[in-house]
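Student: So I've got this file, start_16.pdb, and it contains PDB, N, CA and C atoms:
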```pdb
MODEL        1
ATOM      1  N   MET M   1       0.844  -1.182   0.000
ATOM      2  CA  MET M   1       0.000   0.000   0.000
ATOM      3  C   MET M   1       0.888   1.243   0.000
ATOM      4  N   PRO M   2       0.637   2.158  -0.940
ATOM      5  CA  PRO M   2       1.464   3.379  -0.997
ATOM      6  C   PRO M   2       1.333   4.209   0.272
ATOM      7  N   THR M   3       2.411   4.879   0.620
ATOM      8  CA  THR M   3       2.391   5.755   1.792
ATOM      9  C   THR M   3       1.963   7.173   1.432
ATOM     10  N   HIS M   4       1.855   7.451   0.130
ATOM     11  CA  HIS M   4       1.395   8.765  -0.303
ATOM     12  C   HIS M   4       0.778   8.631  -1.696
ATOM     13  N   THR M   5      -0.017   9.586  -2.054
ATOM     14  CA  THR M   5      -0.641   9.541  -3.370
ATOM     15  C   THR M   5       0.345  10.002  -4.431
ATOM     16  N   GLY M   6       0.211   9.455  -5.615
ATOM     17  CA  GLY M   6       1.078   9.852  -6.709
ATOM     18  C   GLY M   6       0.459  10.975  -7.510
ATOM     19  N   ASN M   7       1.277  11.811  -8.050
ATOM     20  CA  ASN M   7       0.809  12.900  -8.895
ATOM     21  C   ASN M   7       1.522  12.767 -10.234
ATOM     22  N   PRO M   8       0.832  12.324 -11.274
ATOM     23  CA  PRO M   8       1.488  12.126 -12.559
ATOM     24  C   PRO M   8       1.999  13.404 -13.203
ATOM     25  N   LEU M   9       1.570  14.547 -12.725
ATOM     26  CA  LEU M   9       2.002  15.805 -13.312
ATOM     27  C   LEU M   9       3.306  16.321 -12.712
ATOM     28  N   VAL M  10       3.758  15.733 -11.628
ATOM     29  CA  VAL M  10       4.987  16.206 -10.994
ATOM     30  C   VAL M  10       6.160  16.066 -11.942
ATOM     31  N   ASN M  11       6.362  14.889 -12.506
ATOM     32  CA  ASN M  11       7.492  14.708 -13.413
ATOM     33  C   ASN M  11       7.329  15.518 -14.683
ATOM     34  N   ALA M  12       6.119  15.584 -15.210
ATOM     35  CA  ALA M  12       5.905  16.369 -16.429
ATOM     36  C   ALA M  12       6.286  17.829 -16.195
ATOM     37  N   GLY M  13       5.916  18.361 -15.061
ATOM     38  CA  GLY M  13       6.258  19.745 -14.733
ATOM     39  C   GLY M  13       7.747  19.929 -14.540
ATOM     40  N   ALA M  14       8.380  18.978 -13.873
ATOM     41  CA  ALA M  14       9.827  19.057 -13.655
ATOM     42  C   ALA M  14      10.575  18.960 -14.976
ATOM     43  N   ILE M  15      10.142  18.060 -15.838
ATOM     44  CA  ILE M  15      10.796  17.906 -17.134
ATOM     45  C   ILE M  15      10.632  19.176 -17.962
ATOM     46  N   ALA M  16       9.415  19.712 -18.008
ATOM     47  CA  ALA M  16       9.175  20.928 -18.787
ATOM     48  C   ALA M  16       9.969  22.107 -18.233
ATOM     49  N   THR M  17      10.004  22.234 -16.921
ATOM     50  CA  THR M  17      10.713  23.349 -16.293
ATOM     51  C   THR M  17      12.218  23.262 -16.524
ATOM     52  N   THR M  18      12.791  22.103 -16.281
ATOM     53  CA  THR M  18      14.243  21.987 -16.446
ATOM     54  C   THR M  18      14.658  22.059 -17.910
ATOM     55  N   SER M  19      13.747  21.746 -18.821
ATOM     56  CA  SER M  19      14.099  21.872 -20.238
ATOM     57  C   SER M  19      14.292  23.333 -20.642
ATOM     58  N   LEU M  20      13.786  24.258 -19.857
ATOM     59  CA  LEU M  20      13.921  25.684 -20.140
ATOM     60  C   LEU M  20      15.231  26.278 -19.618
ATOM     61  N   ILE M  21      15.985  25.511 -18.845
ATOM     62  CA  ILE M  21      17.245  25.991 -18.283
ATOM     63  C   ILE M  21      18.359  25.729 -19.290
ATOM     64  N   SER M  22      19.004  26.796 -19.726
ATOM     65  CA  SER M  22      20.078  26.629 -20.718
ATOM     66  C   SER M  22      21.346  26.139 -20.026
ATOM     67  N   SER M  23      21.967  25.155 -20.650
ATOM     68  CA  SER M  23      23.240  24.630 -20.155
ATOM     69  C   SER M  23      23.857  23.750 -21.225
ATOM     70  N   LYS M  24      25.160  23.558 -21.111
ATOM     71  CA  LYS M  24      25.869  22.706 -22.072
ATOM     72  C   LYS M  24      25.906  21.255 -21.611
ATOM     73  N   THR M  25      25.794  21.036 -20.297
ATOM     74  CA  THR M  25      25.856  19.682 -19.754
ATOM     75  C   THR M  25      24.784  19.494 -18.686
ATOM     76  N   ALA M  26      24.510  18.243 -18.366
ATOM     77  CA  ALA M  26      23.555  17.936 -17.293
ATOM     78  C   ALA M  26      24.080  18.433 -15.947
ATOM     79  N   ASP M  27      25.394  18.316 -15.733
ATOM     80  CA  ASP M  27      25.975  18.806 -14.478
ATOM     81  C   ASP M  27      25.799  20.312 -14.329
ATOM     82  N   GLU M  28      25.987  21.039 -15.414
ATOM     83  CA  GLU M  28      25.810  22.496 -15.379
ATOM     84  C   GLU M  28      24.357  22.832 -15.046
ATOM     85  N   LYS M  29      23.423  22.107 -15.648
ATOM     86  CA  LYS M  29      21.997  22.339 -15.376
ATOM     87  C   LYS M  29      21.688  22.040 -13.910
ATOM     88  N   TRP M  30      22.194  20.914 -13.411
ATOM     89  CA  TRP M  30      21.974  20.550 -12.008
ATOM     90  C   TRP M  30      22.513  21.640 -11.087
ATOM     91  N   ASN M  31      23.716  22.141 -11.380
ATOM     92  CA  ASN M  31      24.306  23.171 -10.530
ATOM     93  C   ASN M  31      23.501  24.468 -10.558
ATOM     94  N   LYS M  32      22.909  24.800 -11.694
ATOM     95  CA  LYS M  32      22.048  25.984 -11.770
ATOM     96  C   LYS M  32      20.800  25.802 -10.902
ATOM     97  N   VAL M  33      20.201  24.635 -10.977
ATOM     98  CA  VAL M  33      19.006  24.351 -10.166
ATOM     99  C   VAL M  33      19.362  24.393  -8.685
ATOM    100  N   LEU M  34      20.441  23.718  -8.322
ATOM    101  CA  LEU M  34      20.866  23.682  -6.926
ATOM    102  C   LEU M  34      21.207  25.076  -6.412
ATOM    103  N   SER M  35      21.868  25.877  -7.233
ATOM    104  CA  SER M  35      22.213  27.241  -6.847
ATOM    105  C   SER M  35      20.962  28.082  -6.612
ATOM    106  N   PHE M  36      19.983  27.949  -7.513
ATOM    107  CA  PHE M  36      18.741  28.708  -7.364
ATOM    108  C   PHE M  36      18.045  28.347  -6.051
ATOM    109  N   TYR M  37      17.876  27.060  -5.800
ATOM    110  CA  TYR M  37      17.176  26.654  -4.575
ATOM    111  C   TYR M  37      17.977  26.979  -3.325
ATOM    112  N   SER M  38      19.291  26.987  -3.414
ATOM    113  CA  SER M  38      20.102  27.410  -2.278
ATOM    114  C   SER M  38      19.856  28.883  -1.951
ATOM    115  N   LYS M  39      19.764  29.706  -3.005
ATOM    116  CA  LYS M  39      19.465  31.125  -2.788
ATOM    117  C   LYS M  39      18.088  31.302  -2.164
ATOM    118  N   VAL M  40      17.110  30.563  -2.658
ATOM    119  CA  VAL M  40      15.746  30.649  -2.112
ATOM    120  C   VAL M  40      15.731  30.218  -0.646
ATOM    121  N   ALA M  41      16.476  29.160  -0.329
ATOM    122  CA  ALA M  41      16.505  28.630   1.038
ATOM    123  C   ALA M  41      17.336  29.494   1.980
ATOM    124  N   GLY M  42      18.208  30.334   1.414
ATOM    125  CA  GLY M  42      19.057  31.167   2.258
ATOM    126  C   GLY M  42      20.244  30.414   2.833
ATOM    127  N   GLU M  43      20.512  29.248   2.293
ATOM    128  CA  GLU M  43      21.658  28.463   2.740
ATOM    129  C   GLU M  43      22.065  27.499   1.627
ATOM    130  N   LYS M  44      23.298  27.029   1.686
ATOM    131  CA  LYS M  44      23.777  26.113   0.660
ATOM    132  C   LYS M  44      23.114  24.746   0.855
ATOM    133  N   LEU M  45      22.460  24.275  -0.193
ATOM    134  CA  LEU M  45      21.817  22.969  -0.157
ATOM    135  C   LEU M  45      22.722  21.936  -0.823
ATOM    136  N   ALA M  46      22.511  20.684  -0.481
ATOM    137  CA  ALA M  46      23.303  19.608  -1.062
ATOM    138  C   ALA M  46      22.423  18.380  -1.269
ATOM    139  N   LEU M  47      22.823  17.563  -2.190
ATOM    140  CA  LEU M  47      22.129  16.312  -2.446
ATOM    141  C   LEU M  47      22.398  15.347  -1.300
ATOM    142  N   LEU M  48      21.351  14.737  -0.780
ATOM    143  CA  LEU M  48      21.511  13.713   0.249
ATOM    144  C   LEU M  48      21.709  12.389  -0.477
ATOM    145  N   LYS M  49      22.932  11.920  -0.531
ATOM    146  CA  LYS M  49      23.271  10.770  -1.367
ATOM    147  C   LYS M  49      22.512   9.506  -0.973
ATOM    148  N   ASP M  50      22.278   9.287   0.322
ATOM    149  CA  ASP M  50      21.545   8.089   0.723
ATOM    150  C   ASP M  50      20.091   8.147   0.268
ATOM    151  N   VAL M  51      19.484   9.331   0.311
ATOM    152  CA  VAL M  51      18.108   9.492  -0.165
ATOM    153  C   VAL M  51      18.061   9.327  -1.682
ATOM    154  N   HIS M  52      19.013   9.935  -2.384
ATOM    155  CA  HIS M  52      19.070   9.802  -3.840
ATOM    156  C   HIS M  52      19.214   8.336  -4.248
ATOM    157  N   LYS M  53      20.090   7.618  -3.572
ATOM    158  CA  LYS M  53      20.310   6.206  -3.892
ATOM    159  C   LYS M  53      19.029   5.405  -3.678
ATOM    160  N   SER M  54      18.338   5.668  -2.594
ATOM    161  CA  SER M  54      17.088   4.968  -2.296
ATOM    162  C   SER M  54      16.022   5.285  -3.334
ATOM    163  N   GLU M  55      15.866   6.555  -3.674
ATOM    164  CA  GLU M  55      14.868   6.963  -4.663
ATOM    165  C   GLU M  55      15.191   6.377  -6.040
ATOM    166  N   ALA M  56      16.460   6.410  -6.422
ATOM    167  CA  ALA M  56      16.855   5.881  -7.724
ATOM    168  C   ALA M  56      16.604   4.380  -7.817
ATOM    169  N   ALA M  57      16.734   3.689  -6.696
ATOM    170  CA  ALA M  57      16.545   2.237  -6.689
ATOM    171  C   ALA M  57      15.074   1.828  -6.708
ATOM    172  N   THR M  58      14.194   2.742  -6.319
ATOM    173  CA  THR M  58      12.782   2.356  -6.159
ATOM    174  C   THR M  58      11.813   3.128  -7.042
ATOM    175  N   ASN M  59      12.296   3.923  -7.985
ATOM    176  CA  ASN M  59      11.391   4.751  -8.781
ATOM    177  C   ASN M  59      11.128   4.148 -10.158
ATOM    178  N   ASN M  60      10.991   2.850 -10.219
ATOM    179  CA  ASN M  60      10.813   2.167 -11.503
ATOM    180  C   ASN M  60       9.661   2.729 -12.324
ATOM    181  N   GLY M  61       8.609   3.142 -11.701
ATOM    182  CA  GLY M  61       7.470   3.693 -12.424
ATOM    183  C   GLY M  61       7.760   5.035 -13.058
ATOM    184  N   GLN M  62       8.775   5.725 -12.581
ATOM    185  CA  GLN M  62       9.093   7.060 -13.085
ATOM    186  C   GLN M  62      10.168   7.037 -14.170
ATOM    187  N   GLN M  63      10.939   5.975 -14.244
ATOM    188  CA  GLN M  63      12.071   5.971 -15.163
ATOM    189  C   GLN M  63      11.658   5.993 -16.623
ATOM    190  N   GLY M  64      10.466   5.530 -16.940
ATOM    191  CA  GLY M  64       9.997   5.567 -18.321
ATOM    192  C   GLY M  64       9.803   6.972 -18.842
ATOM    193  N   ALA M  65       9.667   7.953 -17.962
ATOM    194  CA  ALA M  65       9.453   9.337 -18.378
ATOM    195  C   ALA M  65      10.659   9.913 -19.106
ATOM    196  N   ARG M  66      11.819   9.303 -18.955
ATOM    197  CA  ARG M  66      13.006   9.846 -19.613
ATOM    198  C   ARG M  66      13.110   9.433 -21.084
ATOM    199  N   TYR M  67      12.245   8.546 -21.523
ATOM    200  CA  TYR M  67      12.275   8.091 -22.905
ATOM    201  C   TYR M  67      11.161   8.760 -23.707
ATOM    202  N   ALA M  68      11.471   9.117 -24.930
ATOM    203  CA  ALA M  68      10.453   9.654 -25.821
ATOM    204  C   ALA M  68       9.599   8.486 -26.318
ATOM    205  N   PRO M  69       8.352   8.731 -26.634
ATOM    206  CA  PRO M  69       7.506   7.650 -27.160
ATOM    207  C   PRO M  69       8.167   6.999 -28.374
ATOM    208  N   GLY M  70       8.122   5.680 -28.416
ATOM    209  CA  GLY M  70       8.716   4.939 -29.516
ATOM    210  C   GLY M  70      10.186   4.681 -29.380
ATOM    211  N   GLN M  71      10.808   5.191 -28.313
ATOM    212  CA  GLN M  71      12.239   5.040 -28.126
ATOM    213  C   GLN M  71      12.585   3.759 -27.390
ATOM    214  N   VAL M  72      11.661   3.219 -26.654
ATOM    215  CA  VAL M  72      11.921   2.040 -25.820
ATOM    216  C   VAL M  72      11.915   0.799 -26.658
TER     217      VAL M  72
ENDMDL
END
```
Starting from the file, give its structure as structure tokens.
Tutor:
Amino acid sequence: MPTHTGNPLVNAGAIATTSLISSKTADEKWNKVLSFYSKVAGEKLALLKDVHKSEAATNNGQQGARYAPGQV
């Protein structure tokens, strides 16, 4: 049983929003996002590696969003 409800628009919004950020590499884009949210938070933010590892290992339903239709 899920511990929270899913929102199918969350990833669509994140994908659309991050596609508007200009950068030459994924790392550059990530650093721009992290810098922006750090400024908003008023402190330097960092990726929690243990949380990222857990989310990456269990988000099977979300990984298909990275493929364009017909690409799989």
Student: Mind pulling up the distance from CA of Ala16 (chain M) to CA of Glu43 (chain M)?
Tutor: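 Here the two named atoms are 26.0 Å from each other.
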Student: Between CA of Ala12 (chain M) and atom N of Asn59 (chain M), what is the distance in Å, rounded to a tenth?
Tutor: 16.3 Å
Student: For Ala46 (chain M), which of M:Asp27, M:Ser22, M:Thr17, M:Leu34 is the closest residue, counting all atoms listed in the file?
Tutor: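 Answer, going by the shortest atom-to-atom distance: M:Leu34.
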Student: For region 33-40 of chain M, what centre and edge lengths in Å (one decimal) does the axis-aligned box get once 5 Å is added on each side of all its listed atoms, as lines of an AutoDock Vina configuration file?
Tutor:
```
center_x = 19.0
center_y = 27.5
center_z = -5.8
size_x = 16.5
size_y = 17.6
size_z = 20.3
```
Student: Enter the distance from atom N of Ser19 (chain M) to atom C of Lys32 (chain M), in Å, rounded to one decimal.
Tutor: 11.4 Å
